[in-house]
Structure formats: structure tokens, C-alpha cells
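> A single structure is presented below for examination.
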Amino acid sequence: MSTLITIIVTFFAGMGAGLGTGFAGLSAAAVISPMLITFLGMDPYMAVGIALSSDVLASAVSAYTYGKNKNLDVKNGLIMMVMVLCFTVVGSYVSSLVPSATMGSFSVFMTFLLGIKFIVRPVMTTKEAMQGVSAKKRAIQSIICGVLIGFICGFIGAGGGMMMLLILTSVLGYELKTAVGTSVFIMAFTAFTGAASHFAIGGKPDGFVLILCIVFTLLWARIAAVFANKASAKTLNRATGIVLVILGIVVFAFSLLS
């Protein structure tokens with residue numbers, strides 16, 4: 001019975017995480033971690049490590065799908081990724097000096113609001129409009145935004161994928177598909193770094209749970225990415241918004257149970 005429960009929990013955790021990754025470039029940790037902690041009684045640190053491991057391949061296959069459809073900005077994505085990784089460490093250090101600054105519900109709340117935003121005010125920017133920005137200006141914007149995302153994520157400890165999607169669409173003016181494609185490209189590297197550090201510090205994870213989460217998240221991320229790249233801008237905005245709203249509500253409910 002315990003094996004069946006593990007399969008069921010990891011299936012739905014992987015489905016939620018995969019849909020969030022494929023549609024919106026969100027981190028799998030936002031969905032998988034609370035489910036493993038709540039329903040399987042897993043140690044929170046190890047749950048995050050498994051969630052980040054699941055995120056690596058899911059983000060990579062999503063990035064490949066978006067890249068194949070020419071919806072990925074690799075050059076500026078690499079610039080932003082370096083800044084995010086560096087300033088996540090800085091933000092984490094500053095956070096350790098301010099123990100009272102606890103903002104655990106920030107990521108969940110913002111996920112819900114971002115979902116509402118995509119439904120009410122969809123991103124209708126075109127690739128032609130994106131190309132109107134000079135390469136130098138885009139690179140500078142990527143550096144500044146990477147610093148901002150990295151520092152806030154390190155300070156708060158969550159919300160990397162959600163913040164990247166928000167900044168790429170609202171601040172940098174990316175078309176939605178390119179924003180998601182660039183976001184999952186960055187997340188594949190940041191998730192790998194996070195997973196490696198978690199397992200190096202916390203030890204070997206539960207292999208069965210790890211494999212199930214990776215497989216289910218990868219499956220649903222691939223499905224979502226394929227659908228997203230074929231959908232119209234209006235349909236994708238609506239689907240992304242609905243997924244984010246549902247994930248925000250579900251993760252909030254799990255946080256109350258844990």
C-alpha cells in the first residue's frame with residue numbers, strides 16, 4: 001500500500017510540476033516539495049533536493065522544445081543565468097544576517113497573482129517588437145534583471161522561475177513563448193546546481209521517489225511544452241494563467257496541511 005501511495009503522490013506532484021515547467025517555466029520545487037513533505041513525510045531538505053533534480057531534465061526538455069520552435073533567447077539567457085547564480089549566493093548570505101525576514105508564502109502568493117495577471121492582461125508582445133530592442137540594451141537589461149532575480153531568490157529562498165517569467169514578459173518585453181523558453185533554459189542549469197549542492201550536503205536521496213518524480217515531471221513538462229509551442233498567444237496566456245492559479249491554490253493548501 002505504501003508503494004502505491006508513493007506512486008500516486010509522485011504522479012500528481014510530477015504532473016503539477018511538469019505543467020508548471022512546460023507552460024510557465026516554474027521551478028518543480030514549488031509543487032513537488034510540499035507534496036513529498038505533506039503526504040510522504042519526507043525531510044524538507046531532501047524533498048527540495050528531489051524536486052530540483054526533477055526540474056533539471058524537465059526544464060532541459062522544455063528548453064529543447066522551445067528552442068526547436070525558435071522560442072529561446074540563448075545569448076541573453078546565458079548572461080542572465082550567470083548573474084542569477086552569482087547573486088543567489090549573495091542574497092542567501094544577506095538573508096542569513098537577517099533571520100527575521102521570513103517570506104515563505106511569497107512564492108505561492110505571487111504564483112497565484114501571476115496566473116490572474118495572464119488571464120486578465122495577457123502578454124501579446126510579438127517577436128517583431130522584441131527585435132526592435134538593440135542587442136547592447138538587451139544584454140544590459142539581462143545583467144540587471146539577473147542580479148535582481150538572483151538576489152531576491154537567494155534572500156527569500158524561492159520563486160526563481162516565477163520571477164524570471166514576470167521580469168522577462170513585463171520588464172524586458174519578451175513575447176510569452178520566448179520568455180518561457182528562456183526561463184526553462186536558465187532553470188535547467190540553476191536546478192542542477194541546487195540539486196547537486198543539496199545531495200552533497202544532505203546525502204543520498206530515496207532512489208525510488210527520485211526516479212518517479214523525474215519521470216513524471218519530465219513526461220508532463222514535455223506534453224505542456226509541445227502544446228504551448230503549438231498554441232496561439234491568446235490560448236497560451238489563458239492556459240498559463242489557469243495552471244498558475246491552480247498551482248498557487250494547491251500549494252497553499254498543502255502548506256496548511258504540513
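Order determines the names: the first chain of the C-alpha cells is A, the second B, and so forth; residues in each chain are numbered 1 upward, and ligands are numbered 1 upward as they are shown.
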Name the residues of region 58-99 of chain A that fall into alpha helix (DSSP H) according to DSSP on the backbone, using the chain letters and numbers of this document, as JSON, numbers by chain.
{"A": [58, 59, 60, 61, 62, 63, 64, 65, 66, 67, 68, 74, 75, 76, 77, 78, 79, 80, 81, 82, 83, 84, 85, 86, 87, 88, 89, 90, 91, 92, 93, 94, 95, 96, 97]}
> Find the residues around Met46 (chain A) up to 10 Å (only C-alpha atoms counted), leave out those fewer than 2 positions away in its own chain, and share them as a ChimeraX atom specification.
/A:33,36-37,42-44,48-52,195,198-199,201-206
> Would you mind listing what lies within 9 Å of Cys213 (chain A) as an mmCIF file with N, CA, C and O atoms, in the first residue's frame, with only C-alpha atoms counted and same-chain residues fewer than 6 positions away left out?

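Result went into part_5.cif, see below:
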data_model
loop_
_atom_site.group_PDB
_atom_site.id
_atom_site.type_symbol
_atom_site.label_atom_id
_atom_site.label_comp_id
_atom_site.auth_asym_id
_atom_site.auth_seq_id
_atom_site.Cartn_x
_atom_site.Cartn_y
_atom_site.Cartn_z
ATOM 1 N N ILE A 7 3.567 6.116 -5.454
ATOM 2 C CA ILE A 7 3.383 6.285 -6.900
ATOM 3 C C ILE A 7 2.325 7.345 -7.192
ATOM 4 O O ILE A 7 2.504 8.207 -8.056
ATOM 5 N N THR A 10 3.679 10.902 -6.165
ATOM 6 C CA THR A 10 4.700 11.383 -7.098
ATOM 7 C C THR A 10 4.123 11.658 -8.485
ATOM 8 O O THR A 10 4.593 12.553 -9.196
ATOM 9 N N PHE A 11 3.085 10.895 -8.869
ATOM 10 C CA PHE A 11 2.449 11.138 -10.173
ATOM 11 C C PHE A 11 1.811 12.524 -10.215
ATOM 12 O O PHE A 11 2.044 13.302 -11.147
ATOM 13 N N ALA A 13 2.360 15.011 -8.112
ATOM 14 C CA ALA A 13 3.393 16.019 -7.897
ATOM 15 C C ALA A 13 4.125 16.306 -9.204
ATOM 16 O O ALA A 13 4.364 17.466 -9.568
ATOM 17 N N GLY A 14 4.466 15.234 -9.934
ATOM 18 C CA GLY A 14 5.147 15.387 -11.214
ATOM 19 C C GLY A 14 4.277 16.060 -12.255
ATOM 20 O O GLY A 14 4.754 16.867 -13.062
ATOM 21 N N ILE A 32 6.475 19.954 -6.026
ATOM 22 C CA ILE A 32 6.897 18.634 -5.545
ATOM 23 C C ILE A 32 7.253 18.639 -4.059
ATOM 24 O O ILE A 32 6.839 17.753 -3.310
ATOM 25 N N ILE A 50 15.157 16.507 -4.247
ATOM 26 C CA ILE A 50 14.484 15.657 -5.234
ATOM 27 C C ILE A 50 13.712 16.517 -6.240
ATOM 28 O O ILE A 50 13.714 16.248 -7.440
ATOM 29 N N ALA A 51 13.065 17.565 -5.729
ATOM 30 C CA ALA A 51 12.304 18.464 -6.603
ATOM 31 C C ALA A 51 13.226 19.161 -7.604
ATOM 32 O O ALA A 51 12.904 19.268 -8.793
ATOM 33 N N SER A 53 16.118 18.056 -8.643
ATOM 34 C CA SER A 53 16.595 17.032 -9.584
ATOM 35 C C SER A 53 15.560 16.787 -10.678
ATOM 36 O O SER A 53 15.896 16.610 -11.852
ATOM 37 N N SER A 54 14.289 16.771 -10.287
ATOM 38 C CA SER A 54 13.205 16.579 -11.253
ATOM 39 C C SER A 54 13.148 17.742 -12.232
ATOM 40 O O SER A 54 12.785 17.585 -13.400
#
> For Gly146 (chain A), which of A:Ile214, A:Val120, A:Leu165, A:Val84 is the closest residue, counting only C-alpha atoms?
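Ranked by minimum distance to Gly146 (chain A), first place goes to A:Val84.
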> For Leu85 (chain A), which residue among A:Ala231, A:Ile143, A:Met110, A:Ala60 is the nearest when counting only C-alpha atoms?
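Using only C-alpha atoms, Leu85 (chain A) sits closest to A:Ile143.
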> Near region 215-218 of chain A, within 7 Å and counting only C-alpha atoms, which residues show up once chain neighbours fewer than 3 positions away are dropped, as a PDB file with C-alpha atoms, in the first residue's frame?

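The resulting file, out-v4.pdb, is shown below:
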ATOM      1  CA  PHE A  11       2.449  11.138 -10.173  1.00  0.00           C
ATOM      2  CA  GLY A  14       5.147  15.387 -11.214  1.00  0.00           C
ATOM      3  CA  MET A  15       2.058  16.374 -13.177  1.00  0.00           C
ATOM      4  CA  ALA A  17       5.423  20.418 -11.576  1.00  0.00           C
ATOM      5  CA  GLY A  18       5.662  19.375 -15.231  1.00  0.00           C
ATOM      6  CA  SER A  54      13.205  16.579 -11.253  1.00  0.00           C
ATOM      7  CA  LEU A  57      15.521  17.183 -17.127  1.00  0.00           C
ATOM      8  CA  ALA A  58      12.025  18.708 -17.224  1.00  0.00           C
ATOM      9  CA  ILE A 211      13.143   8.279 -10.218  1.00  0.00           C
ATOM     10  CA  LEU A 212       9.334   8.530 -10.104  1.00  0.00           C
ATOM     11  CA  ALA A 221       6.716  19.034 -18.956  1.00  0.00           C
ATOM     12  CA  ARG A 222       7.160  17.603 -22.452  1.00  0.00           C
TER      13      ARG A 222
END
> Neighbours of Tyr64 (chain A) within 10 Å (only C-alpha atoms; same-chain residues fewer than 3 positions away dropped), as a PyMOL selection string?
chain A and resi 58-61+67-72+181+184-185+222+225
> Hey, which of A:Gly194, A:Pro122, A:Gly25, A:Gly16 ends up closest to Met163 (chain A)? Count only C-alpha atoms.
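Among the listed residues, A:Gly25 lies closest to Met163 (chain A).
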> Compile the contact shell of Val56 (chain A) as a list in words: residues with an atom at most 7 Å away, counting only C-alpha atoms, same-chain residues fewer than 5 positions apart removed.
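After dropping sequence-adjacent residues, the list is Ala188, Ala191 and Phe192 of chain A.
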> State, in Å with one decimal place, the distance from CA of Val209 (chain A) to CA of Ala196 (chain A).
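According to the coordinates, CA of Val209 (chain A) and CA of Ala196 (chain A) are separated by 16.7 Å.
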> Mind giving me the straight-line distance from CA of Gly77 (chain A) to CA of Ala47 (chain A) in Å, one decimal?
27.6 Å
> Using only C-alpha atoms, which residue out of A:Asn237, A:Leu40, A:Ser183, A:Met164 lies closest to Leu4 (chain A)?
A:Leu40
> What's the separation between CA of Gly160 (chain A) and CA of Ala63 (chain A), in Å to one decimal place?
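Between these atoms lies a distance of 15.9 Å.
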> From the options A:Lys136, A:Cys86, A:Ile5, A:Asp73, which residue's atoms come nearest to Thr193 (chain A), counting only C-alpha atoms?
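Closest to Thr193 (chain A) of all the choices is A:Cys86.
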> Would you mind listing what lies within 9 Å of Phe87 (chain A) as a PyMOL selection string, with only C-alpha atoms counted and same-chain residues fewer than 3 positions away left out?
chain A and resi 82-84+90-92+146-154
> Those residues with N, CA and C atoms, as a compact mmCIF listing (two decimals), in the first residue's frame please?

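Just written: again.txt:
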# COMPACT_ATOMS: atom_id res chain seq x y z
N VAL A 82 24.17 33.55 -15.47
CA VAL A 82 25.39 33.80 -14.69
C VAL A 82 25.09 34.77 -13.55
N MET A 83 24.35 35.83 -13.83
CA MET A 83 24.01 36.81 -12.80
C MET A 83 23.11 36.21 -11.72
N VAL A 84 22.16 35.39 -12.16
CA VAL A 84 21.24 34.75 -11.21
C VAL A 84 22.01 33.85 -10.25
N VAL A 90 24.80 35.73 -3.05
CA VAL A 90 24.85 36.99 -2.31
C VAL A 90 23.57 37.18 -1.49
N GLY A 91 22.42 36.94 -2.13
CA GLY A 91 21.14 37.09 -1.45
C GLY A 91 21.00 36.14 -0.29
N SER A 92 21.50 34.92 -0.48
CA SER A 92 21.43 33.92 0.58
C SER A 92 22.27 34.35 1.78
N GLY A 146 19.08 39.83 -14.05
CA GLY A 146 19.67 38.63 -13.46
C GLY A 146 20.13 38.88 -12.04
N VAL A 147 20.73 40.05 -11.81
CA VAL A 147 21.16 40.44 -10.46
C VAL A 147 19.95 40.52 -9.53
N LEU A 148 18.89 41.16 -10.01
CA LEU A 148 17.67 41.33 -9.21
C LEU A 148 17.02 39.99 -8.86
N ILE A 149 16.86 39.13 -9.87
CA ILE A 149 16.23 37.82 -9.66
C ILE A 149 17.07 36.97 -8.70
N GLY A 150 18.38 36.92 -8.95
CA GLY A 150 19.26 36.11 -8.11
C GLY A 150 19.25 36.56 -6.67
N PHE A 151 19.35 37.86 -6.45
CA PHE A 151 19.40 38.37 -5.07
C PHE A 151 18.09 38.08 -4.33
N ILE A 152 16.97 38.36 -4.97
CA ILE A 152 15.67 38.16 -4.31
C ILE A 152 15.44 36.68 -4.03
N CYS A 153 15.78 35.81 -5.01
CA CYS A 153 15.59 34.37 -4.81
C CYS A 153 16.49 33.83 -3.70
N GLY A 154 17.71 34.34 -3.64
CA GLY A 154 18.61 33.93 -2.57
C GLY A 154 18.15 34.41 -1.22
> Check the smallest atom-to-atom distance from each of A:Thr6, A:Thr88, A:Gly161, A:Met81 to Leu244 (chain A) using only C-alpha atoms, then report the winner.
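Smallest distance to Leu244 (chain A) is found for A:Gly161.
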